[in-house]
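data06.pdb, holding PDB, C-alpha atoms:
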ATOM      1  CA  VAL H  15      24.821  63.077-105.158  1.00  0.00           C
ATOM      2  CA  GLN H  16      21.502  61.824-106.533  1.00  0.00           C
ATOM      3  CA  LEU H  17      18.309  63.480-105.330  1.00  0.00           C
ATOM      4  CA  GLN H  18      14.806  62.012-105.363  1.00  0.00           C
ATOM      5  CA  ALA H  19      11.856  64.257-104.551  1.00  0.00           C
ATOM      6  CA  SER H  20       8.513  62.860-103.442  1.00  0.00           C
ATOM      7  CA  GLY H  21       5.337  63.822-101.631  1.00  0.00           C
ATOM      8  CA  GLY H  22       3.546  65.897-104.222  1.00  0.00           C
ATOM      9  CA  GLY H  23      -0.102  65.480-105.054  1.00  0.00           C
ATOM     10  CA  LEU H  24      -3.492  67.114-105.406  1.00  0.00           C
ATOM     11  CA  VAL H  25      -4.822  69.066-102.434  1.00  0.00           C
ATOM     12  CA  GLN H  26      -7.563  71.601-101.836  1.00  0.00           C
ATOM     13  CA  ALA H  27      -6.745  75.192-101.019  1.00  0.00           C
ATOM     14  CA  GLY H  28      -5.957  75.529 -97.333  1.00  0.00           C
ATOM     15  CA  GLY H  29      -4.581  72.017 -97.132  1.00  0.00           C
ATOM     16  CA  SER H  30      -1.091  70.748 -96.417  1.00  0.00           C
ATOM     17  CA  LEU H  31       1.540  68.611 -98.072  1.00  0.00           C
ATOM     18  CA  ARG H  32       4.987  67.502 -96.993  1.00  0.00           C
ATOM     19  CA  LEU H  33       7.633  67.098 -99.664  1.00  0.00           C
ATOM     20  CA  SER H  34      10.704  65.019 -99.059  1.00  0.00           C
ATOM     21  CA  CYS H  35      14.006  64.816-100.900  1.00  0.00           C
ATOM     22  CA  ALA H  36      16.115  61.719-100.385  1.00  0.00           C
ATOM     23  CA  ALA H  37      19.802  61.810-101.213  1.00  0.00           C
ATOM     24  CA  SER H  38      22.000  58.940-102.272  1.00  0.00           C
ATOM     25  CA  GLY H  39      25.567  58.575-103.395  1.00  0.00           C
ATOM     26  CA  ARG H  40      26.857  61.176-100.972  1.00  0.00           C
ATOM     27  CA  THR H  41      25.787  62.656 -97.664  1.00  0.00           C
ATOM     28  CA  LEU H  42      23.718  65.834 -97.606  1.00  0.00           C
ATOM     29  CA  GLY H  43      26.242  66.976 -95.043  1.00  0.00           C
ATOM     30  CA  ALA H  44      28.364  68.329 -97.895  1.00  0.00           C
ATOM     31  CA  TYR H  45      25.724  70.625 -99.405  1.00  0.00           C
ATOM     32  CA  ASP H  46      23.611  73.679 -99.047  1.00  0.00           C
ATOM     33  CA  MET H  47      20.093  72.708-100.064  1.00  0.00           C
ATOM     34  CA  GLY H  48      17.136  74.374-101.674  1.00  0.00           C
ATOM     35  CA  TRP H  49      13.592  73.829-102.872  1.00  0.00           C
ATOM     36  CA  PHE H  50      12.545  75.437-106.141  1.00  0.00           C
ATOM     37  CA  ARG H  51       9.329  75.371-108.108  1.00  0.00           C
ATOM     38  CA  GLN H  52       8.296  75.948-111.673  1.00  0.00           C
ATOM     39  CA  ALA H  53       4.769  76.656-112.812  1.00  0.00           C
ATOM     40  CA  PRO H  54       3.709  76.267-116.453  1.00  0.00           C
ATOM     41  CA  GLY H  55       4.999  79.144-118.549  1.00  0.00           C
ATOM     42  CA  LYS H  56       7.050  80.573-115.706  1.00  0.00           C
ATOM     43  CA  GLU H  57      10.692  80.495-114.758  1.00  0.00           C
ATOM     44  CA  ARG H  58      11.986  78.272-112.002  1.00  0.00           C
ATOM     45  CA  GLU H  59      12.007  80.146-108.718  1.00  0.00           C
ATOM     46  CA  ILE H  60      13.384  79.665-105.243  1.00  0.00           C
ATOM     47  CA  VAL H  61      10.939  78.546-102.565  1.00  0.00           C
ATOM     48  CA  ALA H  62      13.238  77.958 -99.595  1.00  0.00           C
ATOM     49  CA  ALA H  63      16.881  77.234 -98.913  1.00  0.00           C
ATOM     50  CA  ILE H  64      19.006  76.123 -95.998  1.00  0.00           C
ATOM     51  CA  LYS H  65      22.753  76.357 -95.554  1.00  0.00           C
ATOM     52  CA  LEU H  66      24.760  73.524 -94.085  1.00  0.00           C
ATOM     53  CA  ILE H  67      27.147  75.723 -92.088  1.00  0.00           C
ATOM     54  CA  GLY H  68      25.274  77.968 -89.705  1.00  0.00           C
ATOM     55  CA  GLY H  69      21.880  76.616 -90.693  1.00  0.00           C
ATOM     56  CA  ASN H  70      20.680  79.927 -92.168  1.00  0.00           C
ATOM     57  CA  ILE H  71      17.287  79.641 -93.806  1.00  0.00           C
ATOM     58  CA  TYR H  72      15.683  81.644 -96.587  1.00  0.00           C
ATOM     59  CA  TYR H  73      12.032  81.728 -97.646  1.00  0.00           C
ATOM     60  CA  ALA H  74      10.550  83.422-100.658  1.00  0.00           C
ATOM     61  CA  ASP H  75       8.090  86.124 -99.641  1.00  0.00           C
ATOM     62  CA  ALA H  76       5.235  84.183-101.233  1.00  0.00           C
ATOM     63  CA  VAL H  77       5.657  81.268 -98.823  1.00  0.00           C
ATOM     64  CA  LYS H  78       6.846  82.916 -95.603  1.00  0.00           C
ATOM     65  CA  GLY H  79       4.815  81.807 -92.623  1.00  0.00           C
ATOM     66  CA  ARG H  80       3.290  78.872 -94.544  1.00  0.00           C
ATOM     67  CA  PHE H  81       6.237  76.678 -95.584  1.00  0.00           C
ATOM     68  CA  THR H  82       8.998  75.201 -93.434  1.00  0.00           C
ATOM     69  CA  ILE H  83      12.245  73.743 -94.750  1.00  0.00           C
ATOM     70  CA  SER H  84      14.218  71.250 -92.703  1.00  0.00           C
ATOM     71  CA  ARG H  85      17.087  68.862 -93.185  1.00  0.00           C
ATOM     72  CA  ASP H  86      18.314  65.716 -91.495  1.00  0.00           C
ATOM     73  CA  ASN H  87      21.933  65.061 -92.373  1.00  0.00           C
ATOM     74  CA  VAL H  88      21.863  61.672 -90.626  1.00  0.00           C
ATOM     75  CA  LYS H  89      18.797  60.416 -92.499  1.00  0.00           C
ATOM     76  CA  ASN H  90      20.073  62.203 -95.618  1.00  0.00           C
ATOM     77  CA  THR H  91      16.767  63.933 -96.257  1.00  0.00           C
ATOM     78  CA  LEU H  92      15.477  67.416 -96.967  1.00  0.00           C
ATOM     79  CA  ASP H  93      11.833  68.216 -96.266  1.00  0.00           C
ATOM     80  CA  LEU H  94       9.419  70.999 -97.099  1.00  0.00           C
ATOM     81  CA  GLN H  95       6.296  71.254 -94.980  1.00  0.00           C
ATOM     82  CA  MET H  96       3.689  73.235 -96.875  1.00  0.00           C
ATOM     83  CA  ASN H  97       0.637  74.532 -95.016  1.00  0.00           C
ATOM     84  CA  SER H  98      -2.240  76.798 -95.999  1.00  0.00           C
ATOM     85  CA  LEU H  99      -1.664  75.955 -99.633  1.00  0.00           C
ATOM     86  CA  LYS H 100      -3.013  78.265-102.303  1.00  0.00           C
ATOM     87  CA  PRO H 101      -3.814  77.633-105.979  1.00  0.00           C
ATOM     88  CA  GLU H 102      -0.831  79.812-106.898  1.00  0.00           C
ATOM     89  CA  ASP H 103       1.429  77.269-105.194  1.00  0.00           C
ATOM     90  CA  THR H 104       0.641  74.846-108.028  1.00  0.00           C
ATOM     91  CA  ALA H 105       3.927  73.889-109.693  1.00  0.00           C
ATOM     92  CA  VAL H 106       6.520  71.195-110.086  1.00  0.00           C
ATOM     93  CA  TYR H 107       8.739  71.298-107.033  1.00  0.00           C
ATOM     94  CA  TYR H 108      12.430  70.449-107.216  1.00  0.00           C
ATOM     95  CA  CYS H 109      15.058  69.886-104.561  1.00  0.00           C
ATOM     96  CA  ALA H 110      18.593  70.974-105.343  1.00  0.00           C
ATOM     97  CA  ALA H 111      22.063  70.895-103.836  1.00  0.00           C
ATOM     98  CA  ALA H 112      25.001  73.287-103.967  1.00  0.00           C
ATOM     99  CA  SER H 113      28.488  72.949-102.531  1.00  0.00           C
ATOM    100  CA  ALA H 114      28.642  73.936 -98.879  1.00  0.00           C
ATOM    101  CA  LEU H 115      32.171  75.285 -99.404  1.00  0.00           C
ATOM    102  CA  PHE H 116      30.644  78.557-100.624  1.00  0.00           C
ATOM    103  CA  ARG H 117      31.254  81.146 -97.907  1.00  0.00           C
ATOM    104  CA  GLY H 118      28.712  83.700 -99.015  1.00  0.00           C
ATOM    105  CA  GLY H 119      25.058  84.010 -98.133  1.00  0.00           C
ATOM    106  CA  ILE H 120      22.195  81.771 -99.124  1.00  0.00           C
ATOM    107  CA  ARG H 121      22.026  81.177-102.855  1.00  0.00           C
ATOM    108  CA  THR H 122      18.660  81.730-104.474  1.00  0.00           C
ATOM    109  CA  ARG H 123      19.301  81.385-108.205  1.00  0.00           C
ATOM    110  CA  PRO H 124      18.761  78.039-109.924  1.00  0.00           C
ATOM    111  CA  ASP H 125      22.099  78.325-111.754  1.00  0.00           C
ATOM    112  CA  GLU H 126      23.898  78.367-108.396  1.00  0.00           C
ATOM    113  CA  TYR H 127      22.799  74.799-107.660  1.00  0.00           C
ATOM    114  CA  ILE H 128      24.601  71.810-109.108  1.00  0.00           C
ATOM    115  CA  TYR H 129      22.465  68.763-108.419  1.00  0.00           C
ATOM    116  CA  TRP H 130      18.725  68.475-108.988  1.00  0.00           C
ATOM    117  CA  GLY H 131      16.003  66.013-108.188  1.00  0.00           C
ATOM    118  CA  GLN H 132      13.467  65.012-110.826  1.00  0.00           C
ATOM    119  CA  GLY H 133      10.610  67.143-109.508  1.00  0.00           C
ATOM    120  CA  THR H 134       7.288  66.345-107.903  1.00  0.00           C
ATOM    121  CA  GLN H 135       3.971  67.866-108.997  1.00  0.00           C
ATOM    122  CA  VAL H 136       1.941  69.867-106.493  1.00  0.00           C
ATOM    123  CA  THR H 137      -1.568  70.866-107.569  1.00  0.00           C
ATOM    124  CA  VAL H 138      -3.759  73.023-105.345  1.00  0.00           C
ATOM    125  CA  SER H 139      -7.405  73.256-106.308  1.00  0.00           C
ATOM    126  CA  SER H 140      -9.573  76.239-105.403  1.00  0.00           C
TER     127      SER H 140
END
What does the file become when written as structure tokens?
Amino acid sequence: VQLQASGGGLVQAGGSLRLSCAASGRTLGAYDMGWFRQAPGKEREIVAAIKLIGGNIYYADAVKGRFTISRDNVKNTLDLQMNSLKPEDTAVYYCAAASALFRGGIRTRPDEYIYWGQGTQVTVSS
């Protein structure tokens, strides 16, 4: 599956952005999905994830109550609604896919995901 992330940009603190990840080559209906981010000089970290089977959702503590992950397996898209943005949310955001055959809990490590989008820059000014 090929993933294409979009929707990043420059926004003032307190503002909102909606990221979208479009899939091609295969339906998202075969994958657990996640959003990650990487700030300069920092490791890539999980932002939010959603399982295909059961629909369980995970949010990193830093974004709980502000970000919402959603998926549309018919439209083949994964979205991340980001509200009340803070300067510390500044990073390159990546969407990623992992096999939905995994029967464990939500995966939060980057090395657990197989396919990656190219990243979209989010910059939050203070």
Output, as JSON, the centre and edge lengths in Å (one decimal) of the axis-aligned box that contains all listed atoms of stretch 51-65 of chain H with 6 Å of margin on each side.
{"center_x": 13.2, "center_y": 78.0, "center_z": -107.1, "size_x": 31.0, "size_y": 17.2, "size_z": 35.0}
Find the spatial neighbours of H:Leu42, counting all atoms listed in the file, within a cut-off of 10 Å - ignore same-chain residues fewer than 3 positions away - and output them as a list in words.
Val15, Leu17, Ala36, Ala37, Ser38, Gly39, Tyr45, Asp46, Met47, Leu66, Arg85, Asp86, Asn87, Val88, Lys89, Asn90, Thr91, Leu92, Ala111, Ala112, Ser113 and Ala114 of chain H
Write the residues of the selection above to a file with C-alpha atoms, as a PDB file, in the coordinates of the input.
ATOM      1  CA  VAL H  15      24.821  63.077-105.158  1.00  0.00           C
ATOM      2  CA  LEU H  17      18.309  63.480-105.330  1.00  0.00           C
ATOM      3  CA  ALA H  36      16.115  61.719-100.385  1.00  0.00           C
ATOM      4  CA  ALA H  37      19.802  61.810-101.213  1.00  0.00           C
ATOM      5  CA  SER H  38      22.000  58.940-102.272  1.00  0.00           C
ATOM      6  CA  GLY H  39      25.567  58.575-103.395  1.00  0.00           C
ATOM      7  CA  TYR H  45      25.724  70.625 -99.405  1.00  0.00           C
ATOM      8  CA  ASP H  46      23.611  73.679 -99.047  1.00  0.00           C
ATOM      9  CA  MET H  47      20.093  72.708-100.064  1.00  0.00           C
ATOM     10  CA  LEU H  66      24.760  73.524 -94.085  1.00  0.00           C
ATOM     11  CA  ARG H  85      17.087  68.862 -93.185  1.00  0.00           C
ATOM     12  CA  ASP H  86      18.314  65.716 -91.495  1.00  0.00           C
ATOM     13  CA  ASN H  87      21.933  65.061 -92.373  1.00  0.00           C
ATOM     14  CA  VAL H  88      21.863  61.672 -90.626  1.00  0.00           C
ATOM     15  CA  LYS H  89      18.797  60.416 -92.499  1.00  0.00           C
ATOM     16  CA  ASN H  90      20.073  62.203 -95.618  1.00  0.00           C
ATOM     17  CA  THR H  91      16.767  63.933 -96.257  1.00  0.00           C
ATOM     18  CA  LEU H  92      15.477  67.416 -96.967  1.00  0.00           C
ATOM     19  CA  ALA H 111      22.063  70.895-103.836  1.00  0.00           C
ATOM     20  CA  ALA H 112      25.001  73.287-103.967  1.00  0.00           C
ATOM     21  CA  SER H 113      28.488  72.949-102.531  1.00  0.00           C
ATOM     22  CA  ALA H 114      28.642  73.936 -98.879  1.00  0.00           C
TER      23      ALA H 114
END
Explicit residues for the PyMOL selection byres ((chain H and resi 71) around 12) (as an NGL selection string)
:H and (46-49 or 61-70 or 72-74 or 78 or 81-85 or 119-122)
Suppose a student applies the PyMOL selection byres ((chain H and resi 96) around 6) to this structure; what residues should they get, written as a list in words?
Ser30, Leu31, Arg32, Phe81, Gln95 and Asn97 of chain H
Write the selection just made, keeping C-alpha atoms, as a PDB file, keeping the file's coordinate frame?
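Result saved to part.pdb:
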ATOM      1  CA  SER H  30      -1.091  70.748 -96.417  1.00  0.00           C
ATOM      2  CA  LEU H  31       1.540  68.611 -98.072  1.00  0.00           C
ATOM      3  CA  ARG H  32       4.987  67.502 -96.993  1.00  0.00           C
ATOM      4  CA  PHE H  81       6.237  76.678 -95.584  1.00  0.00           C
ATOM      5  CA  GLN H  95       6.296  71.254 -94.980  1.00  0.00           C
ATOM      6  CA  ASN H  97       0.637  74.532 -95.016  1.00  0.00           C
TER       7      ASN H  97
END
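Taking only C-alpha atoms into account, H:Gly28 lies nearest to H:Val138 out of the set H:Arg58, H:Arg40, H:Glu126, H:Val138.
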Just give me the gap between atom CA of H:Ala19 and atom CA of H:Leu33 in Å, one decimal is fine.
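Interatomic distance here is 7.1 Å.
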Determine the residue membership of the PyMOL selection byres ((chain H and resi 52) around 10) for the file above and supply it as a list in words.
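Evaluating the PyMOL selection byres ((chain H and resi 52) around 10) on this file yields Phe50, Arg51, Ala53, Pro54, Gly55, Lys56, Glu57, Arg58, Glu59, Ile60, Val61, Asp103, Thr104, Ala105, Val106, Tyr107, Tyr108, Gly133 and Gln135 of chain H.
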So which residues fall inside 6 Å of (-2.8, 76.6, -100.2) if we count all atoms listed in the file? Mind giving them as an NGL selection string?
:H and (27-29 or 98-101)
Write out the residues from the selection above, keeping C-alpha atoms, as a short mmCIF file (atom, residue, chain, number, x, y, z; two decimals), in the frame of the given file.
data_model
loop_
_atom_site.label_atom_id
_atom_site.label_comp_id
_atom_site.auth_asym_id
_atom_site.auth_seq_id
_atom_site.Cartn_x
_atom_site.Cartn_y
_atom_site.Cartn_z
CA ALA H 27 -6.74 75.19 -101.02
CA GLY H 28 -5.96 75.53 -97.33
CA GLY H 29 -4.58 72.02 -97.13
CA SER H 98 -2.24 76.80 -96.00
CA LEU H 99 -1.66 75.96 -99.63
CA LYS H 100 -3.01 78.26 -102.30
CA PRO H 101 -3.81 77.63 -105.98
#
What does the structure give for the distance between atom CA of H:Thr41 and atom CA of H:Gly79, in Å to one decimal?
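Distance reported for this atom pair: 28.8 Å.
Distances from H:Leu115, H:Val136, H:Ile128, H:Cys109 to H:Gly43 were compared using only C-alpha atoms, and the smallest one belongs to H:Leu115.
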For atom CA of H:Ala110 and atom CA of H:Ser139, determine how far apart the two atoms are, in Å to one decimal place.
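Separation of atom CA of H:Ala110 and atom CA of H:Ser139: 26.1 Å.
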Could you check which of H:Ala44, H:Glu102, H:Gly118, H:Gly131 is closest to H:Gln26, using only C-alpha atoms?
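Of H:Ala44, H:Glu102, H:Gly118, H:Gly131, the one nearest H:Gln26 is H:Glu102, counting only C-alpha atoms.
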Counting only C-alpha atoms, which of H:Gly23, H:Arg117, H:Asp75, H:Gln16 gets nearest to H:Tyr129?
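Using only C-alpha atoms, H:Tyr129 sits closest to H:Gln16.
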Restore all heavy atoms in stretch 52-63 of chain H and list the result as a PDB file, keeping the file's coordinate frame.
ATOM      1  N   GLN H  52       8.506  75.397-110.342  1.00  0.00           N
ATOM      2  CA  GLN H  52       8.296  75.948-111.673  1.00  0.00           C
ATOM      3  C   GLN H  52       6.869  75.672-112.105  1.00  0.00           C
ATOM      4  O   GLN H  52       6.457  74.507-112.228  1.00  0.00           O
ATOM      5  CB  GLN H  52       9.274  75.341-112.687  1.00  0.00           C
ATOM      6  CG  GLN H  52       9.244  76.011-114.036  1.00  0.00           C
ATOM      7  CD  GLN H  52      10.439  75.634-114.880  1.00  0.00           C
ATOM      8  OE1 GLN H  52      11.135  74.654-114.629  1.00  0.00           O
ATOM      9  NE2 GLN H  52      10.708  76.434-115.908  1.00  0.00           N
ATOM     10  N   ALA H  53       6.129  76.749-112.319  1.00  0.00           N
ATOM     11  CA  ALA H  53       4.769  76.656-112.812  1.00  0.00           C
ATOM     12  C   ALA H  53       4.788  76.737-114.336  1.00  0.00           C
ATOM     13  O   ALA H  53       5.743  77.269-114.915  1.00  0.00           O
ATOM     14  CB  ALA H  53       3.925  77.790-112.221  1.00  0.00           C
ATOM     15  N   PRO H  54       3.743  76.233-114.989  1.00  0.00           N
ATOM     16  CA  PRO H  54       3.709  76.267-116.453  1.00  0.00           C
ATOM     17  C   PRO H  54       3.869  77.682-116.997  1.00  0.00           C
ATOM     18  O   PRO H  54       3.202  78.610-116.530  1.00  0.00           O
ATOM     19  CB  PRO H  54       2.329  75.697-116.778  1.00  0.00           C
ATOM     20  CG  PRO H  54       1.992  74.827-115.622  1.00  0.00           C
ATOM     21  CD  PRO H  54       2.582  75.511-114.423  1.00  0.00           C
ATOM     22  N   GLY H  55       4.784  77.845-117.931  1.00  0.00           N
ATOM     23  CA  GLY H  55       4.999  79.144-118.549  1.00  0.00           C
ATOM     24  C   GLY H  55       5.800  80.124-117.731  1.00  0.00           C
ATOM     25  O   GLY H  55       5.982  81.271-118.145  1.00  0.00           O
ATOM     26  N   LYS H  56       6.281  79.679-116.578  1.00  0.00           N
ATOM     27  CA  LYS H  56       7.050  80.573-115.706  1.00  0.00           C
ATOM     28  C   LYS H  56       8.451  80.032-115.498  1.00  0.00           C
ATOM     29  O   LYS H  56       8.729  78.856-115.720  1.00  0.00           O
ATOM     30  CB  LYS H  56       6.340  80.738-114.360  1.00  0.00           C
ATOM     31  CG  LYS H  56       4.999  81.454-114.455  1.00  0.00           C
ATOM     32  CD  LYS H  56       4.445  81.766-113.082  1.00  0.00           C
ATOM     33  CE  LYS H  56       3.140  82.548-113.176  1.00  0.00           C
ATOM     34  NZ  LYS H  56       2.611  82.887-111.831  1.00  0.00           N
ATOM     35  N   GLU H  57       9.326  80.916-115.050  1.00  0.00           N
ATOM     36  CA  GLU H  57      10.692  80.495-114.758  1.00  0.00           C
ATOM     37  C   GLU H  57      10.752  79.767-113.418  1.00  0.00           C
ATOM     38  O   GLU H  57       9.895  79.959-112.551  1.00  0.00           O
ATOM     39  CB  GLU H  57      11.609  81.724-114.721  1.00  0.00           C
ATOM     40  CG  GLU H  57      11.787  82.402-116.073  1.00  0.00           C
ATOM     41  CD  GLU H  57      12.815  83.502-116.032  1.00  0.00           C
ATOM     42  OE1 GLU H  57      13.286  83.850-114.942  1.00  0.00           O
ATOM     43  OE2 GLU H  57      13.156  84.017-117.117  1.00  0.00           O
ATOM     44  N   ARG H  58      11.774  78.957-113.271  1.00  0.00           N
ATOM     45  CA  ARG H  58      11.986  78.272-112.002  1.00  0.00           C
ATOM     46  C   ARG H  58      12.375  79.303-110.947  1.00  0.00           C
ATOM     47  O   ARG H  58      13.189  80.190-111.199  1.00  0.00           O
ATOM     48  CB  ARG H  58      13.089  77.226-112.156  1.00  0.00           C
ATOM     49  CG  ARG H  58      13.184  76.255-111.013  1.00  0.00           C
ATOM     50  CD  ARG H  58      14.082  75.074-111.364  1.00  0.00           C
ATOM     51  NE  ARG H  58      13.550  74.297-112.475  1.00  0.00           N
ATOM     52  CZ  ARG H  58      14.056  73.134-112.857  1.00  0.00           C
ATOM     53  NH1 ARG H  58      15.106  72.622-112.232  1.00  0.00           N
ATOM     54  NH2 ARG H  58      13.531  72.494-113.891  1.00  0.00           N
ATOM     55  N   GLU H  59      11.762  79.172-109.763  1.00  0.00           N
ATOM     56  CA  GLU H  59      12.007  80.146-108.718  1.00  0.00           C
ATOM     57  C   GLU H  59      12.308  79.457-107.397  1.00  0.00           C
ATOM     58  O   GLU H  59      11.848  78.348-107.132  1.00  0.00           O
ATOM     59  CB  GLU H  59      10.780  81.058-108.538  1.00  0.00           C
ATOM     60  CG  GLU H  59       9.529  80.331-108.102  1.00  0.00           C
ATOM     61  CD  GLU H  59       8.342  81.275-107.907  1.00  0.00           C
ATOM     62  OE1 GLU H  59       8.471  82.477-108.187  1.00  0.00           O
ATOM     63  OE2 GLU H  59       7.291  80.789-107.449  1.00  0.00           O
ATOM     64  N   ILE H  60      13.054  80.172-106.567  1.00  0.00           N
ATOM     65  CA  ILE H  60      13.384  79.665-105.243  1.00  0.00           C
ATOM     66  C   ILE H  60      12.145  79.666-104.359  1.00  0.00           C
ATOM     67  O   ILE H  60      11.313  80.581-104.427  1.00  0.00           O
ATOM     68  CB  ILE H  60      14.501  80.514-104.598  1.00  0.00           C
ATOM     69  CG1 ILE H  60      14.956  79.914-103.270  1.00  0.00           C
ATOM     70  CG2 ILE H  60      14.067  81.955-104.408  1.00  0.00           C
ATOM     71  CD1 ILE H  60      15.837  78.709-103.398  1.00  0.00           C
ATOM     72  N   VAL H  61      11.997  78.625-103.559  1.00  0.00           N
ATOM     73  CA  VAL H  61      10.939  78.546-102.565  1.00  0.00           C
ATOM     74  C   VAL H  61      11.550  78.715-101.173  1.00  0.00           C
ATOM     75  O   VAL H  61      11.118  79.562-100.386  1.00  0.00           O
ATOM     76  CB  VAL H  61      10.188  77.208-102.635  1.00  0.00           C
ATOM     77  CG1 VAL H  61       9.178  77.094-101.502  1.00  0.00           C
ATOM     78  CG2 VAL H  61       9.510  77.058-103.990  1.00  0.00           C
ATOM     79  N   ALA H  62      12.563  77.909-100.889  1.00  0.00           N
ATOM     80  CA  ALA H  62      13.238  77.958 -99.595  1.00  0.00           C
ATOM     81  C   ALA H  62      14.618  77.345 -99.747  1.00  0.00           C
ATOM     82  O   ALA H  62      14.847  76.522-100.636  1.00  0.00           O
ATOM     83  CB  ALA H  62      12.446  77.207 -98.535  1.00  0.00           C
ATOM     84  N   ALA H  63      15.519  77.766 -98.871  1.00  0.00           N
ATOM     85  CA  ALA H  63      16.881  77.234 -98.913  1.00  0.00           C
ATOM     86  C   ALA H  63      17.452  77.184 -97.510  1.00  0.00           C
ATOM     87  O   ALA H  63      17.042  77.961 -96.634  1.00  0.00           O
ATOM     88  CB  ALA H  63      17.763  78.085 -99.814  1.00  0.00           C
TER      89      ALA H  63
END
